[in-house]
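Listing of query_38.pdb, PDB, C-alpha atoms and all ligand atoms
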ATOM      1  CA  MET J   1     -92.931   7.805  36.859  1.00  0.00           C
ATOM      2  CA  THR J   2     -92.178   5.147  39.422  1.00  0.00           C
ATOM      3  CA  TYR J   3     -93.967   1.795  39.597  1.00  0.00           C
ATOM      4  CA  LYS J   4     -95.987   3.193  42.480  1.00  0.00           C
ATOM      5  CA  GLU J   5     -97.062   6.272  40.546  1.00  0.00           C
ATOM      6  CA  LYS J   6     -97.909   4.250  37.462  1.00  0.00           C
ATOM      7  CA  THR J   7     -99.927   1.734  39.473  1.00  0.00           C
ATOM      8  CA  ILE J   8    -101.890   4.595  41.063  1.00  0.00           C
ATOM      9  CA  GLU J   9    -102.457   6.160  37.661  1.00  0.00           C
ATOM     10  CA  ALA J  10    -103.562   2.829  36.177  1.00  0.00           C
ATOM     11  CA  LEU J  11    -106.105   2.345  38.973  1.00  0.00           C
ATOM     12  CA  LYS J  12    -107.377   5.900  38.556  1.00  0.00           C
ATOM     13  CA  GLN J  13    -107.943   5.289  34.864  1.00  0.00           C
ATOM     14  CA  LEU J  14    -109.788   2.092  35.714  1.00  0.00           C
ATOM     15  CA  GLY J  15    -112.219   3.942  37.978  1.00  0.00           C
ATOM     16  CA  GLY J  16    -110.571   3.298  41.348  1.00  0.00           C
ATOM     17  CA  HIS J  17    -110.493  -0.496  41.460  1.00  0.00           C
ATOM     18  CA  ALA J  18    -109.739  -3.326  39.038  1.00  0.00           C
ATOM     19  CA  TYR J  19    -108.480  -6.863  38.589  1.00  0.00           C
ATOM     20  CA  LEU J  20    -104.772  -7.476  38.052  1.00  0.00           C
ATOM     21  CA  SER J  21    -105.135  -8.343  34.360  1.00  0.00           C
ATOM     22  CA  ASP J  22    -106.693  -4.921  33.720  1.00  0.00           C
ATOM     23  CA  ILE J  23    -104.150  -3.186  35.942  1.00  0.00           C
ATOM     24  CA  TYR J  24    -101.307  -4.783  33.929  1.00  0.00           C
ATOM     25  CA  GLU J  25    -102.870  -3.618  30.695  1.00  0.00           C
ATOM     26  CA  ALA J  26    -103.447  -0.047  31.863  1.00  0.00           C
ATOM     27  CA  PHE J  27     -99.901  -0.039  33.246  1.00  0.00           C
ATOM     28  CA  GLU J  28     -98.489  -1.189  29.888  1.00  0.00           C
ATOM     29  CA  ASN J  29    -100.331   1.635  28.158  1.00  0.00           C
ATOM     30  CA  LEU J  30     -98.622   4.144  30.424  1.00  0.00           C
ATOM     31  CA  ASN J  31     -95.289   2.880  29.101  1.00  0.00           C
ATOM     32  CA  ASP J  32     -95.155   4.199  25.579  1.00  0.00           C
ATOM     33  CA  ASN J  33     -91.480   3.882  24.865  1.00  0.00           C
ATOM     34  CA  GLU J  34     -90.012   2.110  27.827  1.00  0.00           C
ATOM     35  CA  ILE J  35     -89.330  -1.586  27.614  1.00  0.00           C
ATOM     36  CA  LEU J  36     -90.731  -3.334  30.651  1.00  0.00           C
ATOM     37  CA  PRO J  37     -88.693  -6.007  32.394  1.00  0.00           C
ATOM     38  CA  LYS J  38     -90.051  -9.564  32.212  1.00  0.00           C
ATOM     39  CA  SER J  39     -90.912  -9.427  35.872  1.00  0.00           C
ATOM     40  CA  TYR J  40     -92.996  -6.262  35.670  1.00  0.00           C
ATOM     41  CA  LYS J  41     -96.224  -8.018  36.677  1.00  0.00           C
ATOM     42  CA  ALA J  42     -94.567  -9.350  39.816  1.00  0.00           C
ATOM     43  CA  ILE J  43     -93.247  -5.861  40.571  1.00  0.00           C
ATOM     44  CA  ILE J  44     -96.745  -4.421  40.223  1.00  0.00           C
ATOM     45  CA  ARG J  45     -98.121  -7.059  42.599  1.00  0.00           C
ATOM     46  CA  ALA J  46     -95.325  -6.317  45.081  1.00  0.00           C
ATOM     47  CA  THR J  47     -96.025  -2.574  44.759  1.00  0.00           C
ATOM     48  CA  LEU J  48     -99.692  -3.154  45.597  1.00  0.00           C
ATOM     49  CA  GLU J  49     -98.931  -5.361  48.585  1.00  0.00           C
ATOM     50  CA  HIS J  50     -96.118  -3.256  50.037  1.00  0.00           C
ATOM     51  CA  ASN J  51     -98.388  -0.224  50.006  1.00  0.00           C
ATOM     52  CA  SER J  52    -101.471  -1.839  51.502  1.00  0.00           C
ATOM     53  CA  SER J  53    -102.228  -2.417  55.168  1.00  0.00           C
ATOM     54  CA  ASP J  54    -104.412  -5.330  54.025  1.00  0.00           C
ATOM     55  CA  SER J  55    -101.258  -7.248  53.176  1.00  0.00           C
ATOM     56  CA  PHE J  56     -98.886  -8.986  55.558  1.00  0.00           C
ATOM     57  CA  VAL J  57     -95.944  -7.445  53.708  1.00  0.00           C
ATOM     58  CA  PHE J  58     -97.174  -3.849  54.153  1.00  0.00           C
ATOM     59  CA  ASN J  59     -94.149  -1.583  54.601  1.00  0.00           C
ATOM     60  CA  GLY J  60     -96.012   0.542  57.155  1.00  0.00           C
ATOM     61  CA  LYS J  61     -95.628   3.752  55.195  1.00  0.00           C
ATOM     62  CA  GLU J  62     -98.306   4.856  52.780  1.00  0.00           C
ATOM     63  CA  ASP J  63    -101.536   2.888  52.874  1.00  0.00           C
ATOM     64  CA  LEU J  64    -102.432   3.485  49.242  1.00  0.00           C
ATOM     65  CA  PHE J  65    -104.221   0.353  48.098  1.00  0.00           C
ATOM     66  CA  TYR J  66    -106.767  -2.063  49.503  1.00  0.00           C
ATOM     67  CA  SER J  67    -107.750  -5.561  48.628  1.00  0.00           C
ATOM     68  CA  VAL J  68    -111.357  -5.454  47.398  1.00  0.00           C
ATOM     69  CA  ASP J  69    -112.287  -9.051  48.126  1.00  0.00           C
ATOM     70  CA  GLY J  70    -109.382 -10.599  49.897  1.00  0.00           C
ATOM     71  CA  ILE J  71    -105.684 -10.905  49.163  1.00  0.00           C
ATOM     72  CA  GLY J  72    -105.169 -13.564  46.521  1.00  0.00           C
ATOM     73  CA  ASN J  73    -108.221 -12.652  44.480  1.00  0.00           C
ATOM     74  CA  GLY J  74    -106.296 -10.073  42.502  1.00  0.00           C
ATOM     75  CA  HIS J  75    -108.876  -7.333  42.897  1.00  0.00           C
ATOM     76  CA  TRP J  76    -107.278  -4.068  44.015  1.00  0.00           C
ATOM     77  CA  GLY J  77    -108.597  -0.633  44.839  1.00  0.00           C
ATOM     78  CA  LEU J  78    -107.128   2.793  45.389  1.00  0.00           C
ATOM     79  CA  ARG J  79    -108.006   4.144  48.824  1.00  0.00           C
ATOM     80  CA  THR J  80    -107.935   7.879  48.162  1.00  0.00           C
ATOM     81  CA  ILE J  81    -110.244   7.817  45.185  1.00  0.00           C
ATOM     82  CA  ASP J  82    -112.809   5.904  47.196  1.00  0.00           C
ATOM     83  CA  ASP J  83    -112.524   8.367  50.060  1.00  0.00           C
ATOM     84  CA  GLU J  84    -113.274  11.321  47.878  1.00  0.00           C
ATOM     85  CA  TYR J  85    -116.147   9.432  46.422  1.00  0.00           C
ATOM     86  CA  LYS J  86    -117.297   8.336  49.850  1.00  0.00           C
ATOM     87  CA  TYR J  87    -117.258  11.791  51.401  1.00  0.00           C
ATOM     88  CA  GLU J  88    -119.289  13.277  48.657  1.00  0.00           C
ATOM     89  CA  LEU J  89    -118.950  16.989  48.139  1.00  0.00           C
ATOM     90  CA  THR J  90    -121.970  19.195  48.285  1.00  0.00           C
ATOM     91  CA  GLN J  91    -122.638  21.524  45.402  1.00  0.00           C
ATOM     92  CA  GLU J  92    -121.414  24.613  47.263  1.00  0.00           C
ATOM     93  CA  ASP J  93    -118.246  22.801  48.239  1.00  0.00           C
ATOM     94  CA  ASP J  94    -117.432  21.956  44.707  1.00  0.00           C
ATOM     95  CA  GLU J  95    -117.556  25.537  43.489  1.00  0.00           C
ATOM     96  CA  PHE J  96    -114.204  26.478  41.934  1.00  0.00           C
ATOM     97  CA  SER J  97    -112.933  23.109  43.122  1.00  0.00           C
ATOM     98  CA  GLU J  98    -111.809  24.752  46.379  1.00  0.00           C
ATOM     99  CA  GLY J  99    -113.888  22.228  48.280  1.00  0.00           C
ATOM    100  CA  LYS J 100    -112.212  19.381  46.477  1.00  0.00           C
ATOM    101  CA  LEU J 101    -108.782  20.665  47.429  1.00  0.00           C
ATOM    102  CA  GLN J 102    -109.831  21.125  51.068  1.00  0.00           C
ATOM    103  CA  LEU J 103    -111.221  17.609  51.206  1.00  0.00           C
ATOM    104  CA  LYS J 104    -108.024  16.186  49.735  1.00  0.00           C
ATOM    105  CA  LYS J 105    -105.951  18.017  52.355  1.00  0.00           C
ATOM    106  CA  HIS J 106    -108.268  16.862  55.105  1.00  0.00           C
ATOM    107  CA  LEU J 107    -108.032  13.227  54.017  1.00  0.00           C
ATOM    108  CA  THR J 108    -104.255  13.451  53.762  1.00  0.00           C
ATOM    109  CA  LYS J 109    -104.149  14.572  57.381  1.00  0.00           C
ATOM    110  CA  GLU J 110    -106.340  11.681  58.413  1.00  0.00           C
ATOM    111  CA  ARG J 111    -104.147   9.236  56.529  1.00  0.00           C
ATOM    112  CA  ASN J 112    -100.825  10.028  58.146  1.00  0.00           C
ATOM    113  CA  PRO J 113    -100.092   6.419  59.195  1.00  0.00           C
ATOM    114  CA  LYS J 114     -97.570   7.250  61.918  1.00  0.00           C
ATOM    115  CA  LEU J 115     -99.790   9.816  63.560  1.00  0.00           C
ATOM    116  CA  ILE J 116    -102.903   7.647  63.305  1.00  0.00           C
ATOM    117  CA  SER J 117    -101.254   4.627  64.855  1.00  0.00           C
ATOM    118  CA  ARG J 118     -99.942   6.791  67.699  1.00  0.00           C
ATOM    119  CA  ALA J 119    -103.387   8.298  68.248  1.00  0.00           C
ATOM    120  CA  LYS J 120    -104.970   4.832  68.250  1.00  0.00           C
ATOM    121  CA  LYS J 121    -102.387   3.522  70.684  1.00  0.00           C
ATOM    122  CA  ILE J 122    -102.910   6.415  73.101  1.00  0.00           C
ATOM    123  CA  PHE J 123    -106.685   6.018  72.874  1.00  0.00           C
ATOM    124  CA  ALA J 124    -106.557   2.258  73.503  1.00  0.00           C
ATOM    125  CA  GLU J 125    -104.246   2.695  76.467  1.00  0.00           C
ATOM    126  CA  LYS J 126    -106.700   5.121  78.016  1.00  0.00           C
ATOM    127  CA  HIS J 127    -109.701   2.909  77.361  1.00  0.00           C
ATOM    128  CA  ASN J 128    -108.901  -0.556  78.600  1.00  0.00           C
ATOM    129  CA  ASN J 129    -107.286  -1.606  75.303  1.00  0.00           C
ATOM    130  CA  GLN J 130    -110.451  -0.948  73.329  1.00  0.00           C
ATOM    131  CA  LEU J 131    -110.989   1.137  70.230  1.00  0.00           C
ATOM    132  CA  TYR J 132    -114.465   2.515  69.741  1.00  0.00           C
ATOM    133  CA  CYS J 133    -116.289   5.360  68.047  1.00  0.00           C
ATOM    134  CA  GLU J 134    -116.203   8.474  70.199  1.00  0.00           C
ATOM    135  CA  ILE J 135    -119.543   9.525  68.763  1.00  0.00           C
ATOM    136  CA  CYS J 136    -121.780   6.451  68.854  1.00  0.00           C
ATOM    137  CA  GLY J 137    -119.630   3.982  70.781  1.00  0.00           C
ATOM    138  CA  PHE J 138    -119.426   1.406  67.984  1.00  0.00           C
ATOM    139  CA  ASN J 139    -116.649  -1.105  68.545  1.00  0.00           C
ATOM    140  CA  PHE J 140    -115.453  -3.033  65.478  1.00  0.00           C
ATOM    141  CA  ASN J 141    -113.949  -5.805  67.530  1.00  0.00           C
ATOM    142  CA  GLU J 142    -117.219  -6.380  69.410  1.00  0.00           C
ATOM    143  CA  LYS J 143    -119.197  -6.613  66.184  1.00  0.00           C
ATOM    144  CA  TYR J 144    -116.755  -8.308  63.814  1.00  0.00           C
ATOM    145  CA  ALA J 145    -114.546 -10.321  66.218  1.00  0.00           C
ATOM    146  CA  SER J 146    -110.897 -10.607  65.178  1.00  0.00           C
ATOM    147  CA  LEU J 147    -111.624  -9.074  61.755  1.00  0.00           C
ATOM    148  CA  GLY J 148    -112.376  -5.806  63.518  1.00  0.00           C
ATOM    149  CA  ASP J 149    -109.279  -5.915  65.695  1.00  0.00           C
ATOM    150  CA  GLY J 150    -107.511  -2.580  65.750  1.00  0.00           C
ATOM    151  CA  PHE J 151    -109.879  -1.016  63.258  1.00  0.00           C
ATOM    152  CA  ILE J 152    -111.212   2.509  63.701  1.00  0.00           C
ATOM    153  CA  GLU J 153    -111.093   5.604  61.524  1.00  0.00           C
ATOM    154  CA  ALA J 154    -109.628   8.907  62.566  1.00  0.00           C
ATOM    155  CA  HIS J 155    -111.313  12.205  61.858  1.00  0.00           C
ATOM    156  CA  HIS J 156    -109.415  15.462  61.911  1.00  0.00           C
ATOM    157  CA  ILE J 157    -111.502  18.013  63.714  1.00  0.00           C
ATOM    158  CA  LYS J 158    -110.081  21.282  62.389  1.00  0.00           C
ATOM    159  CA  PRO J 159    -111.199  22.503  59.012  1.00  0.00           C
ATOM    160  CA  VAL J 160    -108.144  22.644  56.804  1.00  0.00           C
ATOM    161  CA  SER J 161    -109.127  26.140  55.705  1.00  0.00           C
ATOM    162  CA  GLN J 162    -108.493  27.367  59.270  1.00  0.00           C
ATOM    163  CA  MET J 163    -105.061  25.817  59.500  1.00  0.00           C
ATOM    164  CA  GLU J 164    -101.834  27.612  58.849  1.00  0.00           C
ATOM    165  CA  GLU J 165     -99.925  26.605  55.737  1.00  0.00           C
ATOM    166  CA  ASP J 166     -97.627  24.054  57.368  1.00  0.00           C
ATOM    167  CA  GLU J 167     -99.284  23.614  60.704  1.00  0.00           C
ATOM    168  CA  LYS J 168     -98.679  20.098  61.979  1.00  0.00           C
ATOM    169  CA  THR J 169    -101.534  17.783  62.833  1.00  0.00           C
ATOM    170  CA  LYS J 170    -101.858  17.280  66.575  1.00  0.00           C
ATOM    171  CA  ILE J 171    -103.000  14.013  68.085  1.00  0.00           C
ATOM    172  CA  SER J 172    -105.520  15.964  70.136  1.00  0.00           C
ATOM    173  CA  ASP J 173    -107.129  17.097  66.875  1.00  0.00           C
ATOM    174  CA  LEU J 174    -107.951  13.521  65.912  1.00  0.00           C
ATOM    175  CA  VAL J 175    -111.207  11.871  66.925  1.00  0.00           C
ATOM    176  CA  MET J 176    -111.758   8.115  66.753  1.00  0.00           C
ATOM    177  CA  VAL J 177    -114.859   7.429  64.703  1.00  0.00           C
ATOM    178  CA  CYS J 178    -116.642   4.497  63.070  1.00  0.00           C
ATOM    179  CA  SER J 179    -117.097   4.598  59.306  1.00  0.00           C
ATOM    180  CA  ASN J 180    -120.779   5.563  59.543  1.00  0.00           C
ATOM    181  CA  CYS J 181    -120.253   8.472  61.902  1.00  0.00           C
ATOM    182  CA  HIS J 182    -117.249   9.564  59.841  1.00  0.00           C
ATOM    183  CA  SER J 183    -119.360   9.803  56.695  1.00  0.00           C
ATOM    184  CA  MET J 184    -122.107  11.657  58.535  1.00  0.00           C
ATOM    185  CA  ILE J 185    -119.695  14.220  60.034  1.00  0.00           C
ATOM    186  CA  HIS J 186    -118.400  14.973  56.569  1.00  0.00           C
ATOM    187  CA  ARG J 187    -121.938  15.395  55.367  1.00  0.00           C
ATOM    188  CA  HIS J 188    -122.816  17.866  58.100  1.00  0.00           C
ATOM    189  CA  LYS J 189    -122.861  21.543  57.162  1.00  0.00           C
ATOM    190  CA  PRO J 190    -121.545  23.710  58.705  1.00  0.00           C
ATOM    191  CA  TRP J 191    -118.372  21.893  59.637  1.00  0.00           C
ATOM    192  CA  LEU J 192    -118.321  20.744  63.272  1.00  0.00           C
ATOM    193  CA  SER J 193    -114.978  21.888  64.605  1.00  0.00           C
ATOM    194  CA  LYS J 194    -115.478  21.133  68.310  1.00  0.00           C
ATOM    195  CA  LYS J 195    -115.246  17.623  69.687  1.00  0.00           C
ATOM    196  CA  GLU J 196    -118.136  18.208  72.058  1.00  0.00           C
ATOM    197  CA  ASP J 197    -120.425  19.116  69.157  1.00  0.00           C
ATOM    198  CA  LEU J 198    -119.910  15.900  67.225  1.00  0.00           C
ATOM    199  CA  LYS J 199    -122.486  13.935  69.189  1.00  0.00           C
ATOM    200  CA  LYS J 200    -125.140  16.363  67.958  1.00  0.00           C
ATOM    201  CA  ILE J 201    -125.288  14.435  64.687  1.00  0.00           C
ATOM    202  CA  LEU J 202    -126.981  11.574  66.522  1.00  0.00           C
ATOM    203  CA  ARG J 203    -130.732  11.451  66.810  1.00  0.00           C
TER     204      ARG J 203
HETATM  205 ZN    ZN A   1    -119.958   5.943  65.276  1.00  0.00          ZN
HETATM  206 ZN    ZN A   2    -112.790  13.254  58.396  1.00  0.00          ZN
END

Please re-express this file's structure in structure tokens.
Amino acid sequence: MTYKEKTIEALKQLGGHAYLSDIYEAFENLNDNEILPKSYKAIIRATLEHNSSDSFVFNGKEDLFYSVDGIGNGHWGLRTIDDEYKYELTQEDDEFSEGKLQLKKHLTKERNPKLISRAKKIFAEKHNNQLYCEICGFNFNEKYASLGDGFIEAHHIKPVSQMEEDEKTKISDLVMVCSNCHSMIHRHKPWLSKKEDLKKILR
């Protein structure tokens, strides 16, 4: 396993988020026979930062980790685990774990960093440089000032079950949504697969 894989595994074992001291310990336990280099703690910290868009040294590839209460406080979380937890599965979904697999695939599509940043760029260009929720209109920058700059989530409209095996995600299949609307769409049964239907979740 690579440092990245072991760090992910350590965080999973720790319930999705943990302080560095606990991450180091869980990491050590994953290393039965290997001798760790003296600098392994620094490598773990670098691994977390390089793979987190919360950090200034993010490598722009996979956004795997997030800083729970600010960079420098040593409290790190695993994004995917929280997503699955956040978009809770209904009982029917969970049957035979098919629902779980579908949700994982869906979230992977929504977390393709290249595609998301292109979709955000295109949306902002069309809308006077603003990013806002296409369902309720929420604008993170308006509410949270510079902290909300450039923040919006992307929801993939097509149910993964209706997609061909290696069908590529299209930008037109992504909808810009705020975190609240995103959670509510995932909660809605049946799945809303048309953009024009999404607003129906609002009162
Ligand atoms: Zn919204
Ligand atoms: Zn979604």

Practice task
For Gly16 of chain J, please output as a list in words all residues within 12 Å (counting all atoms listed in the file; exclusion window: fewer than 4 positions along the same chain).
Solution key: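 My list of contacting residues is Thr7, Ile8, Glu9, Ala10, Leu11, Lys12, Asp22, Ile23, Leu64, Phe65, Tyr66, Ser67, Val68, His75, Trp76, Gly77, Leu78, Arg79, Thr80, Ile81, Asp82, Asp83, Glu84, Tyr85 and Lys86 of chain J.
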
Handout entry: Protein and nucleic residues near ligand ZN 1 (chain A), 10 Å, all atoms listed in the file, as a list in words
Key =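 Listing the residues within 10 Å of ligand ZN 1 (chain A) gives Tyr132, Cys133, Glu134, Ile135, Cys136, Gly137, Phe138, Asn139, Ile152, Glu153, Met176, Val177, Cys178, Ser179, Asn180, Cys181, His182, Ser183, Met184, Ile185, Lys199 and Leu202 of chain J.
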
Practice task
Could you jot down the atom CA of Thr169 of chain J to atom CA of Asn128 of chain J separation for me, Å, one decimal place?
Solution key: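 Atom-to-atom, atom CA of Thr169 of chain J and atom CA of Asn128 of chain J are spaced 25.3 Å apart.
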
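Here atom CA of Gln13 of chain J is placed at a distance of 17.2 Å from atom CA of Gly74 of chain J.
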
Collect all residues with atoms no farther than 8 Å from ligand ZN 2 (chain A), counting all atoms listed in the file, and output them as a PDB file with C-alpha atoms, keeping the file's coordinate frame.
ATOM      1  CA  HIS J 106    -108.268  16.862  55.105  1.00  0.00           C
ATOM      2  CA  LEU J 107    -108.032  13.227  54.017  1.00  0.00           C
ATOM      3  CA  GLU J 110    -106.340  11.681  58.413  1.00  0.00           C
ATOM      4  CA  ALA J 154    -109.628   8.907  62.566  1.00  0.00           C
ATOM      5  CA  HIS J 155    -111.313  12.205  61.858  1.00  0.00           C
ATOM      6  CA  HIS J 156    -109.415  15.462  61.911  1.00  0.00           C
ATOM      7  CA  ILE J 157    -111.502  18.013  63.714  1.00  0.00           C
ATOM      8  CA  HIS J 182    -117.249   9.564  59.841  1.00  0.00           C
ATOM      9  CA  SER J 183    -119.360   9.803  56.695  1.00  0.00           C
ATOM     10  CA  ILE J 185    -119.695  14.220  60.034  1.00  0.00           C
ATOM     11  CA  HIS J 186    -118.400  14.973  56.569  1.00  0.00           C
TER      12      HIS J 186
END

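The space between atom CA of Asp69 of chain J and atom CA of Leu14 of chain J spans 16.9 Å.
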
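Considering the residues J:Arg187, J:Asn51, J:Gly60, J:Pro159 and counting all atoms listed in the file, Lys104 of chain J has its shortest atom-to-atom contact with J:Pro159.
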
Handout entry: Near-Lys61 of chain J list (12 Å; only C-alpha atoms; drop same-chain fewer than 6 positions) as number ranges by chain
Key = J: 49-53, 111-117

Handout entry: Distance query 8 Å from (-111.8, 23.5, 52.0) using all atoms listed in the file, result as a PyMOL selection string
Key = chain J and resi 93+98-103+159-161
